[in-house]
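Chemist: upload26.txt is reproduced below (compact mmCIF, C-alpha atoms and all ligand atoms).
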# COMPACT_ATOMS: atom_id res chain seq x y z
CA MET A 1095 48.25 64.74 7.35
CA GLY A 1096 47.19 68.33 7.31
CA ILE A 1097 48.31 69.13 10.84
CA ASN A 1098 51.58 70.71 11.50
CA VAL A 1099 53.33 68.55 14.09
CA PRO A 1100 56.89 67.63 14.82
CA ALA A 1101 58.17 64.71 12.73
CA PHE A 1102 58.47 62.17 15.59
CA VAL A 1103 54.94 62.94 16.72
CA ALA A 1104 53.66 62.56 13.18
CA ALA A 1105 55.32 59.18 12.87
CA GLU A 1106 53.73 58.01 16.12
CA ILE A 1107 50.31 59.22 15.07
CA GLU A 1108 50.68 57.49 11.75
CA ILE A 1109 51.47 54.17 13.43
CA MET A 1110 48.40 54.43 15.64
CA VAL A 1111 46.13 55.48 12.84
CA ARG A 1112 47.36 52.55 10.78
CA GLU A 1113 46.71 50.21 13.71
CA ILE A 1114 43.17 51.56 14.01
CA ASP A 1115 42.62 51.12 10.27
CA ASP A 1116 43.93 47.56 10.37
CA LEU A 1117 41.72 46.76 13.34
CA ARG A 1118 38.70 48.18 11.54
CA GLN A 1119 39.35 46.18 8.40
CA GLU A 1120 40.03 42.99 10.29
CA ALA A 1121 36.83 43.45 12.30
CA ILE A 1122 34.66 44.15 9.24
CA ALA A 1123 35.95 41.07 7.44
CA ALA A 1124 35.49 38.80 10.47
CA ILE A 1125 32.03 40.14 11.28
CA GLY A 1126 30.89 39.71 7.68
CA ALA A 1127 32.04 36.09 7.78
CA ALA A 1128 30.48 35.23 11.16
CA ALA A 1129 28.49 32.04 10.59
CA ASP A 1130 26.20 32.27 13.59
CA LEU A 1131 25.14 34.49 16.46
CA LYS A 1132 27.50 32.82 18.87
CA SER A 1133 30.62 33.58 16.86
CA LEU A 1134 29.30 37.09 16.22
CA GLU A 1135 29.09 37.63 19.97
CA GLU A 1136 32.68 36.51 20.34
CA LEU A 1137 33.70 39.02 17.68
CA ARG A 1138 31.76 41.76 19.48
CA VAL A 1139 33.70 41.07 22.66
CA HIS A 1140 36.96 40.93 20.79
CA PHE A 1141 36.57 44.03 18.61
CA ALA A 1142 34.13 46.22 20.54
CA GLY A 1143 34.10 44.86 24.08
CA ARG A 1144 35.29 46.70 27.19
CA ARG A 1145 38.70 45.12 26.97
CA SER A 1146 39.12 45.42 23.23
CA ARG A 1147 42.07 47.20 21.73
CA LEU A 1148 39.81 49.89 20.28
CA ARG A 1149 38.34 50.68 23.69
CA GLU A 1150 41.81 50.83 25.09
CA ILE A 1151 42.79 53.38 22.48
CA LEU A 1152 39.62 55.38 23.02
CA SER A 1153 40.01 55.51 26.77
CA SER A 1154 43.62 56.60 26.52
CA ILE A 1155 42.81 59.53 24.23
CA GLY A 1156 42.70 61.85 27.21
CA LYS A 1157 46.33 61.11 27.88
CA LEU A 1158 47.43 61.98 24.35
CA SER A 1159 49.00 65.23 23.37
CA ALA A 1160 46.91 68.00 21.89
CA GLU A 1161 48.26 67.19 18.42
CA GLU A 1162 47.53 63.50 18.67
CA ARG A 1163 44.14 63.71 20.33
CA PRO A 1164 41.89 64.90 17.46
CA ILE A 1165 43.47 62.67 14.85
CA ILE A 1166 43.46 59.49 16.89
CA GLY A 1167 40.12 60.36 18.43
CA SER A 1168 38.42 60.77 15.11
CA ALA A 1169 40.02 57.63 13.59
CA ALA A 1170 39.10 55.50 16.60
CA GLY A 1171 35.59 56.95 16.85
CA LYS A 1172 34.99 56.29 13.18
CA ALA A 1173 36.30 52.74 13.51
CA GLN A 1174 34.00 52.15 16.44
CA ARG A 1175 30.94 53.39 14.55
CA VAL A 1176 31.79 51.29 11.50
CA ILE A 1177 32.35 48.17 13.64
CA ASP A 1178 29.16 48.71 15.66
CA ASN A 1179 27.27 49.17 12.47
CA ALA A 1180 28.72 45.98 10.95
CA LEU A 1181 27.88 44.01 14.11
CA GLU A 1182 24.32 45.27 14.03
CA GLN A 1183 23.83 44.40 10.38
CA ARG A 1184 25.32 40.95 10.69
CA GLN A 1185 23.23 40.26 13.75
CA ALA A 1186 20.03 41.16 11.90
CA ALA A 1187 21.02 39.01 8.94
CA LEU A 1188 21.84 35.97 11.11
CA GLU A 1189 18.62 36.35 13.07
CA ALA A 1190 16.55 36.47 9.90
CA LEU A 1191 18.33 33.38 8.67
CA SER A 1192 17.70 31.39 11.84
CA GLU A 1193 14.04 32.42 11.91
CA SER A 1194 13.37 31.34 8.36
CA SER A 1195 15.10 28.03 8.98
CA ASP A 1196 13.12 27.32 12.17
CA SER A 1197 10.57 25.32 10.17
CA PHE A 1198 13.22 23.21 8.52
CA ASP A 1199 15.51 21.44 10.93
CA ILE A 1200 17.95 19.56 8.77
CA THR A 1201 18.98 17.43 11.71
CA LEU A 1202 15.55 15.81 11.96
CA PRO A 1203 15.19 12.32 10.44
CA GLY A 1204 13.49 12.27 7.04
CA ARG A 1205 9.88 11.41 6.57
CA ARG A 1206 9.43 7.76 5.77
CA PRO A 1207 7.70 7.22 2.42
CA HIS A 1208 4.42 5.39 2.84
CA ILE A 1209 4.88 1.81 1.69
CA GLY A 1210 1.64 0.09 0.81
CA ARG A 1211 0.92 -3.56 1.18
CA LYS A 1212 -1.40 -6.06 -0.40
CA HIS A 1213 -5.00 -6.10 0.71
CA PRO A 1214 -5.67 -9.52 2.31
CA LEU A 1215 -8.09 -10.34 -0.48
CA THR A 1216 -5.48 -9.57 -3.12
CA ALA A 1217 -2.87 -11.57 -1.22
CA MET A 1218 -5.24 -14.55 -0.99
CA THR A 1219 -6.15 -14.29 -4.67
CA ASP A 1220 -2.51 -14.11 -5.71
CA GLU A 1221 -1.74 -17.17 -3.63
CA LEU A 1222 -4.61 -19.17 -5.12
CA VAL A 1223 -3.64 -18.14 -8.63
CA ASP A 1224 0.00 -19.07 -7.98
CA VAL A 1225 -0.91 -22.54 -6.76
CA LEU A 1226 -3.26 -23.22 -9.67
CA ARG A 1227 -0.79 -21.88 -12.21
CA SER A 1228 1.84 -24.19 -10.81
CA MET A 1229 -0.61 -27.02 -11.54
CA GLY A 1230 -0.83 -26.07 -15.20
CA PHE A 1231 -3.79 -23.70 -15.30
CA SER A 1232 -3.48 -20.45 -17.19
CA VAL A 1233 -5.36 -17.30 -16.27
CA ALA A 1234 -8.35 -16.07 -18.28
CA ASP A 1235 -10.36 -12.93 -17.76
CA GLY A 1236 -13.89 -11.79 -18.51
CA PRO A 1237 -16.13 -8.76 -17.99
CA GLU A 1238 -18.04 -8.05 -14.79
CA VAL A 1239 -20.93 -6.69 -16.86
CA ASP A 1240 -22.06 -9.60 -18.94
CA ASP A 1241 -25.14 -10.84 -20.74
CA GLU A 1242 -27.69 -13.45 -19.75
CA PHE A 1243 -26.29 -15.86 -22.30
CA HIS A 1244 -22.88 -16.09 -20.63
CA ASN A 1245 -24.16 -15.88 -17.07
CA PHE A 1246 -27.14 -18.24 -17.45
CA ASP A 1247 -28.29 -19.66 -20.79
CA ALA A 1248 -24.99 -21.10 -21.99
CA LEU A 1249 -24.53 -22.51 -18.50
CA ASN A 1250 -27.64 -24.61 -18.93
CA THR A 1251 -29.76 -22.21 -16.91
CA PRO A 1252 -32.69 -21.13 -19.11
CA ALA A 1253 -34.87 -18.15 -18.21
CA ASP A 1254 -37.47 -20.20 -16.34
CA HIS A 1255 -34.93 -22.23 -14.38
CA PRO A 1256 -35.38 -21.99 -10.61
CA ALA A 1257 -31.59 -21.82 -10.16
CA ARG A 1258 -31.78 -18.25 -11.46
CA ASP A 1259 -33.52 -17.25 -8.24
CA GLU A 1260 -30.44 -18.06 -6.23
CA HIS A 1261 -28.45 -15.83 -8.52
CA ASP A 1262 -30.70 -12.81 -8.31
CA THR A 1263 -28.57 -9.95 -9.45
CA PHE A 1264 -28.41 -6.39 -10.72
CA TYR A 1265 -29.77 -5.90 -14.21
CA LEU A 1266 -28.82 -2.96 -16.35
CA ASP A 1267 -31.24 -1.04 -18.55
CA ASP A 1268 -29.75 -2.56 -21.69
CA GLY A 1269 -30.59 -6.07 -20.50
CA ASN A 1270 -27.06 -6.89 -19.40
CA LEU A 1271 -26.31 -7.83 -15.82
CA LEU A 1272 -23.59 -7.84 -13.22
CA ARG A 1273 -22.22 -11.38 -13.33
CA THR A 1274 -23.23 -13.60 -10.44
CA HIS A 1275 -20.27 -15.94 -10.76
CA THR A 1276 -17.02 -16.34 -12.66
CA SER A 1277 -18.50 -19.29 -14.58
CA THR A 1278 -19.23 -16.77 -17.35
CA VAL A 1279 -15.55 -16.98 -18.22
CA GLN A 1280 -15.81 -20.73 -18.83
CA ILE A 1281 -18.16 -19.95 -21.71
CA ARG A 1282 -16.04 -17.10 -23.06
CA VAL A 1283 -12.90 -19.24 -23.11
CA MET A 1284 -14.59 -22.22 -24.74
CA GLN A 1285 -16.14 -19.96 -27.38
CA GLN A 1286 -12.70 -18.75 -28.27
CA GLN A 1287 -10.64 -21.92 -28.38
CA PRO A 1288 -10.96 -25.66 -28.83
CA PRO A 1289 -10.01 -28.22 -26.16
CA PRO A 1290 -7.82 -28.97 -24.36
CA ILE A 1291 -8.66 -26.17 -21.94
CA ARG A 1292 -7.10 -25.64 -18.56
CA VAL A 1293 -7.93 -22.17 -17.26
CA ILE A 1294 -8.71 -20.33 -14.10
CA SER A 1295 -10.47 -17.03 -13.73
CA GLN A 1296 -10.93 -14.81 -10.73
CA GLY A 1297 -12.72 -11.59 -10.07
CA ARG A 1298 -15.61 -9.66 -8.68
CA CYS A 1299 -19.12 -11.05 -8.71
CA TYR A 1300 -22.45 -9.60 -7.63
CA ARG A 1301 -25.64 -10.92 -6.11
CA LYS A 1302 -28.67 -9.34 -4.57
CA GLU A 1303 -27.74 -10.43 -1.06
CA THR A 1304 -28.72 -9.02 2.26
CA VAL A 1305 -25.38 -7.94 3.66
CA ASP A 1306 -24.30 -9.54 6.93
CA ALA A 1307 -21.10 -10.88 8.50
CA THR A 1308 -20.77 -13.68 5.93
CA HIS A 1309 -22.65 -12.36 2.88
CA HIS A 1310 -22.06 -9.44 0.63
CA MET A 1311 -23.58 -8.28 -2.63
CA VAL A 1312 -20.07 -7.70 -3.94
CA PHE A 1313 -17.65 -10.57 -3.54
CA HIS A 1314 -14.92 -12.45 -5.39
CA GLN A 1315 -14.72 -15.89 -6.86
CA ILE A 1316 -12.06 -18.03 -8.39
CA GLU A 1317 -13.02 -20.62 -10.96
CA GLY A 1318 -11.27 -23.48 -12.70
CA LEU A 1319 -12.11 -25.33 -15.90
CA TYR A 1320 -10.38 -28.36 -17.34
CA VAL A 1321 -11.65 -29.88 -20.58
CA ASP A 1322 -10.02 -32.67 -22.55
CA GLU A 1323 -10.66 -36.23 -23.63
CA GLY A 1324 -11.12 -38.51 -20.64
CA VAL A 1325 -11.08 -35.97 -17.80
CA SER A 1326 -12.55 -37.62 -14.70
CA LEU A 1327 -14.06 -36.75 -11.34
CA ALA A 1328 -10.99 -38.31 -9.72
CA GLU A 1329 -8.86 -35.61 -11.34
CA LEU A 1330 -11.20 -32.95 -9.97
CA LYS A 1331 -10.78 -34.41 -6.50
CA GLY A 1332 -7.02 -34.63 -6.89
CA THR A 1333 -6.78 -31.04 -8.11
CA LEU A 1334 -8.89 -29.67 -5.26
CA THR A 1335 -7.06 -31.78 -2.68
CA THR A 1336 -3.73 -30.41 -3.86
CA LEU A 1337 -5.11 -26.88 -3.83
CA GLY A 1338 -6.52 -27.37 -0.32
CA ARG A 1339 -3.25 -28.69 1.03
CA ARG A 1340 -1.21 -25.91 -0.52
CA ILE A 1341 -3.54 -23.24 0.85
CA MET A 1342 -4.71 -24.67 4.17
CA GLY A 1343 -1.92 -27.00 5.15
CA ASP A 1344 -0.50 -30.44 4.33
CA ARG A 1345 -2.95 -32.42 6.41
CA THR A 1346 -6.05 -30.92 4.81
CA GLU A 1347 -8.62 -33.47 3.69
CA ILE A 1348 -11.37 -32.89 1.16
CA ARG A 1349 -14.91 -34.12 1.09
CA PHE A 1350 -17.52 -34.02 -1.67
CA ARG A 1351 -21.21 -33.67 -0.92
CA PRO A 1352 -23.79 -34.24 -3.66
CA HIS A 1353 -25.29 -31.01 -4.88
CA PHE A 1354 -26.93 -29.45 -7.89
CA PHE A 1355 -25.61 -26.91 -10.38
CA PRO A 1356 -27.27 -26.56 -13.79
CA PHE A 1357 -23.90 -26.52 -15.59
CA THR A 1358 -22.29 -29.57 -13.98
CA GLU A 1359 -23.44 -33.16 -13.78
CA PRO A 1360 -22.75 -34.72 -11.39
CA SER A 1361 -22.35 -31.72 -9.11
CA VAL A 1362 -20.80 -31.52 -5.69
CA GLU A 1363 -20.12 -29.08 -2.96
CA PHE A 1364 -16.67 -29.53 -1.51
CA ASP A 1365 -15.40 -28.95 2.01
CA PHE A 1366 -11.89 -28.81 3.43
CA SER A 1367 -11.20 -30.32 6.81
CA CYS A 1368 -11.00 -27.61 9.45
CA THR A 1369 -7.42 -26.51 9.95
CA ILE A 1370 -8.22 -24.75 13.21
CA CYS A 1371 -9.32 -27.89 15.12
CA ALA A 1372 -7.56 -30.37 12.78
CA GLY A 1373 -10.97 -31.75 11.79
CA GLU A 1374 -11.84 -32.62 15.39
CA GLY A 1375 -14.72 -30.18 15.69
CA GLN A 1376 -13.49 -29.09 19.07
CA ILE A 1377 -10.51 -27.50 20.70
CA GLN A 1378 -9.73 -28.47 24.31
CA GLY A 1379 -13.26 -29.60 24.91
CA SER A 1380 -15.05 -26.60 23.42
CA ARG A 1381 -16.72 -26.43 20.04
CA CYS A 1382 -14.54 -25.11 17.23
CA ARG A 1383 -15.91 -21.73 16.17
CA VAL A 1384 -14.58 -21.85 12.62
CA CYS A 1385 -16.19 -25.15 11.54
CA LYS A 1386 -18.97 -24.87 14.12
CA GLY A 1387 -18.08 -28.24 15.51
CA THR A 1388 -18.41 -30.15 12.24
CA GLY A 1389 -14.71 -30.55 11.51
CA TRP A 1390 -15.36 -29.37 7.94
CA ILE A 1391 -15.39 -26.01 6.23
CA GLU A 1392 -17.64 -25.49 3.22
CA ILE A 1393 -15.59 -24.06 0.40
CA GLY A 1394 -17.38 -24.14 -2.95
CA GLY A 1395 -19.04 -25.92 -5.81
CA ALA A 1396 -17.72 -28.22 -8.50
CA GLY A 1397 -18.63 -30.98 -10.89
CA MET A 1398 -18.25 -32.49 -14.32
CA VAL A 1399 -19.17 -30.08 -17.09
CA ASP A 1400 -22.75 -30.74 -18.23
CA PRO A 1401 -22.92 -31.89 -21.88
CA ASN A 1402 -25.43 -29.11 -22.52
CA VAL A 1403 -22.73 -26.56 -21.74
CA PHE A 1404 -20.46 -28.17 -24.34
CA ARG A 1405 -23.31 -28.01 -26.85
CA ALA A 1406 -23.81 -24.28 -26.14
CA VAL A 1407 -20.20 -23.61 -27.17
CA ASP A 1408 -20.15 -26.14 -30.05
CA TYR A 1409 -17.85 -28.61 -28.37
CA ASP A 1410 -18.25 -32.29 -29.17
CA ALA A 1411 -20.06 -33.49 -26.02
CA GLU A 1412 -19.42 -37.12 -26.95
CA LYS A 1413 -15.70 -36.66 -27.25
CA TYR A 1414 -14.83 -34.35 -24.39
CA THR A 1415 -15.35 -34.36 -20.68
CA GLY A 1416 -14.26 -31.76 -18.18
CA PHE A 1417 -14.49 -30.56 -14.67
CA ALA A 1418 -15.17 -27.13 -13.24
CA PHE A 1419 -14.98 -25.70 -9.76
CA GLY A 1420 -15.62 -22.33 -8.23
CA PHE A 1421 -15.56 -20.75 -4.81
CA GLY A 1422 -15.59 -17.47 -2.95
CA ILE A 1423 -12.21 -15.96 -2.19
CA GLU A 1424 -13.42 -13.93 0.81
CA ARG A 1425 -14.44 -17.09 2.59
CA VAL A 1426 -11.04 -18.71 2.20
CA ALA A 1427 -9.30 -15.47 3.20
CA MET A 1428 -11.53 -15.17 6.29
CA ILE A 1429 -10.50 -18.62 7.47
CA ARG A 1430 -6.90 -18.13 6.51
CA TYR A 1431 -6.47 -14.77 8.22
CA GLY A 1432 -9.04 -15.16 10.99
CA ILE A 1433 -11.30 -12.39 9.72
CA ASP A 1434 -14.76 -12.66 11.22
CA ASP A 1435 -16.74 -10.18 9.13
CA ILE A 1436 -16.84 -10.11 5.32
CA ARG A 1437 -17.70 -6.40 5.38
CA LEU A 1438 -14.20 -5.61 6.62
CA PHE A 1439 -12.78 -6.39 3.17
CA LEU A 1440 -14.48 -3.27 1.87
CA ASP A 1441 -13.59 -1.12 4.86
CA SER A 1442 -11.44 1.86 4.04
CA ASP A 1443 -10.02 1.92 7.57
CA LEU A 1444 -6.33 1.24 7.09
CA ARG A 1445 -6.09 -0.27 10.56
CA PHE A 1446 -7.73 -3.31 9.01
CA THR A 1447 -5.38 -3.78 6.08
CA ARG A 1448 -2.29 -2.90 8.10
CA GLN A 1449 -2.76 -6.03 10.16
CA PHE A 1450 -1.78 -8.16 7.21
CA GLY A 1451 1.85 -8.42 6.21
CA GLY A 1452 3.60 -8.19 2.89
N1 LIG B 1501 -20.68 -20.94 -10.25
C1 LIG B 1501 -21.03 -21.66 -9.06
C2 LIG B 1501 -21.53 -20.69 -8.01
O1 LIG B 1501 -21.23 -19.54 -8.09
C3 LIG B 1501 -19.86 -22.45 -8.52
C4 LIG B 1501 -19.42 -23.53 -9.44
C5 LIG B 1501 -18.44 -23.30 -10.37
C6 LIG B 1501 -20.03 -24.78 -9.39
C7 LIG B 1501 -18.05 -24.31 -11.23
C8 LIG B 1501 -19.65 -25.77 -10.24
C9 LIG B 1501 -18.66 -25.55 -11.13
O2 LIG B 1501 -22.23 -21.04 -7.09
In structure tokens, write the structure found in this file.
Modeler:
Amino acid sequence: MGINVPAFVAAEIEIMVREIDDLRQEAIAAIGAAADLKSLEELRVHFAGRRSRLREILSSIGKLSAEERPIIGSAAGKAQRVIDNALEQRQAALEALSESSDSFDITLPGRRPHIGRKHPLTAMTDELVDVLRSMGFSVADGPEVDDEFHNFDALNTPADHPARDEHDTFYLDDGNLLRTHTSTVQIRVMQQQPPPIRVISQGRCYRKETVDATHHMVFHQIEGLYVDEGVSLAELKGTLTTLGRRIMGDRTEIRFRPHFFPFTEPSVEFDFSCTICAGEGQIQGSRCRVCKGTGWIEIGGAGMVDPNVFRAVDYDAEKYTGFAFGFGIERVAMIRYGIDDIRLFLDSDLRFTRQFGG
């Protein structure tokens, strides 16, 4: 200390100056560590507030002796400036921090990941495939763009056959076409392997249809083919009955109606009894909307494989017999899920798909 004061005064001054220094250091450390604006405010009150020790010292300066006054005054003034400065800086830093974190509130719940679910058509297809696989069918696949041979000729439908009209489809420039049914896969499988054959195939098919609530130019079929020695129509009926009961319910009945397909002989169309009205045709006195009062729901086509089809794939038509069946998956899904317009299957509105579980 460069001031010439009596020893006892010097000792007193030294104690006060040390106190001021300690206060300053304590304040700087605490302010620097303040975690939020609230604790900073508490520190401001404590170290720089009206009733703080520093203010007390400053306001008592007037009562000090002439020797003490400048030394204590300058130490306390300096401490006050340093503390004010520290408070200001920390405040700015904490404010900047809270502003930048405004957009990220860590206390909010996380965003749920979007979990997809099966489209009803996929769910229906999977179910059909599962049931048929459990009955011993394996799954075969074929192209959607195919040739006339696989779609028509090998299926006993020559170029001038009137049945081709019903399967009017989209032809490509190279002469290929968009398959009109999954029966193409029957031919592909039989070309590749000898009997016994027990396969199913499912997938997209195309026809030049006028689109309405029950028809679409893009739709899906599932097809079955069983070829071996001694396969009978009774087995076809048993297979379809089992399938119907597993899909539509235990009490489902099946009925065959005579029909014509070029590639099966005899041919049938098959219906399942209506599960909505339990085959009654009416519910509480009013006509059942699903089966239109008939008690039956048309499902698809089937029959015994025509010997000409076996000849087209070099199978021994004398030795082998077989059955085939095919039907539209949309139709079954519409009944199963109560969907009244086939166009909804192709709707991108998620409100449609979200109605179906799993
Ligand atoms: N392929 C026929 C159709 O699309 C259905 C069918 C398949 C009929 C197998 C008989 C046997 O109409």
Chemist: So, counting all atoms listed in the file, which residue among A:Tyr1431, A:Phe1357, A:Phe1141, A:Tyr1409 is closest to Pro1288 (chain A)?
Modeler: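 Distance minimum relative to Pro1288 (chain A) lands on A:Tyr1409.
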Chemist: If we count all atoms listed in the file and set the cut-off at 8 Å, which residues sit around Thr1358 (chain A), ignoring sequence neighbours fewer than 2 positions away in its own chain? Please answer as a tab-separated table (two decimals) with C-alpha atoms, in the frame of the given file.
Modeler:
chain	number	residue	atom	x	y	z
A	1354	PHE	CA	-26.93	-29.45	-7.89
A	1355	PHE	CA	-25.61	-26.91	-10.38
A	1356	PRO	CA	-27.27	-26.56	-13.79
A	1360	PRO	CA	-22.75	-34.72	-11.39
A	1361	SER	CA	-22.35	-31.72	-9.11
A	1396	ALA	CA	-17.72	-28.22	-8.50
A	1397	GLY	CA	-18.63	-30.98	-10.89
A	1398	MET	CA	-18.25	-32.49	-14.32
A	1399	VAL	CA	-19.17	-30.08	-17.09
A	1400	ASP	CA	-22.75	-30.74	-18.23
A	1417	PHE	CA	-14.49	-30.56	-14.67
A	1418	ALA	CA	-15.17	-27.13	-13.24
Chemist: Considering only C-alpha atoms, state which residue in the set A:Val1403, A:Glu1135, A:Ile1436, A:Glu1424 is at the smallest distance from Pro1252 (chain A).
Modeler: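 Counting only C-alpha atoms, the residue closest to Pro1252 (chain A) is A:Val1403.
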Chemist: Between CA of Glu1374 (chain A) and atom O2 of ligand LIG 1501 (chain B), what is the distance, to one decimal in Å?
Modeler: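 Result for CA of Glu1374 (chain A) versus atom O2 of ligand LIG 1501 (chain B): 27.3 Å, one decimal.
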Chemist: How close does each residue of region 1339-1436 of chain A get to region 1208-1218 of chain A, giving the shortest atom pair and distance in Å to one decimal for every residue with an atom at most 10 Å away, counting all atoms listed in the file, sorted by chain and residue number, as a Markdown table?
Modeler:
| residue | atom | partner | partner_atom | distance |
| --- | --- | --- | --- | --- |
| A:Ile1341 | CA | A:Met1218 | CA | 9.0 |
| A:Ile1423 | CA | A:Leu1215 | CA | 7.2 |
| A:Glu1424 | CA | A:Leu1215 | CA | 6.6 |
| A:Arg1425 | CA | A:Leu1215 | CA | 9.8 |
| A:Val1426 | CA | A:Met1218 | CA | 7.8 |
| A:Ala1427 | CA | A:Met1218 | CA | 5.9 |
| A:Met1428 | CA | A:Leu1215 | CA | 9.0 |
| A:Arg1430 | CA | A:Met1218 | CA | 8.5 |
| A:Tyr1431 | CA | A:Pro1214 | CA | 7.9 |
| A:Ile1433 | CA | A:Pro1214 | CA | 9.7 |
Chemist: Which residues, written as a list in words, have at least one atom at most 12 Å from Glu1242 (chain A), with all atoms listed in the file counted and residues fewer than 2 positions away on the same chain left out?
Modeler: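 Once the nearby chain positions are removed, what remains is Val1239, Asp1240, His1244, Asn1245, Phe1246, Asp1247, Ala1248, Leu1249, Asn1250, Thr1251, Pro1252, Ala1253, Arg1258, His1261, Asp1262, Thr1263, Phe1264, Tyr1265, Leu1266, Asp1268, Gly1269, Asn1270, Leu1271, Leu1272, Arg1273, Thr1274, His1275, Thr1278 and Ile1281 of chain A.
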Chemist: Hey, which of A:Gly1143, A:Gly1394, A:Gly1156, A:Gly1422 ends up closest to Leu1334 (chain A)? Count all atoms listed in the file.
Modeler: A:Gly1394
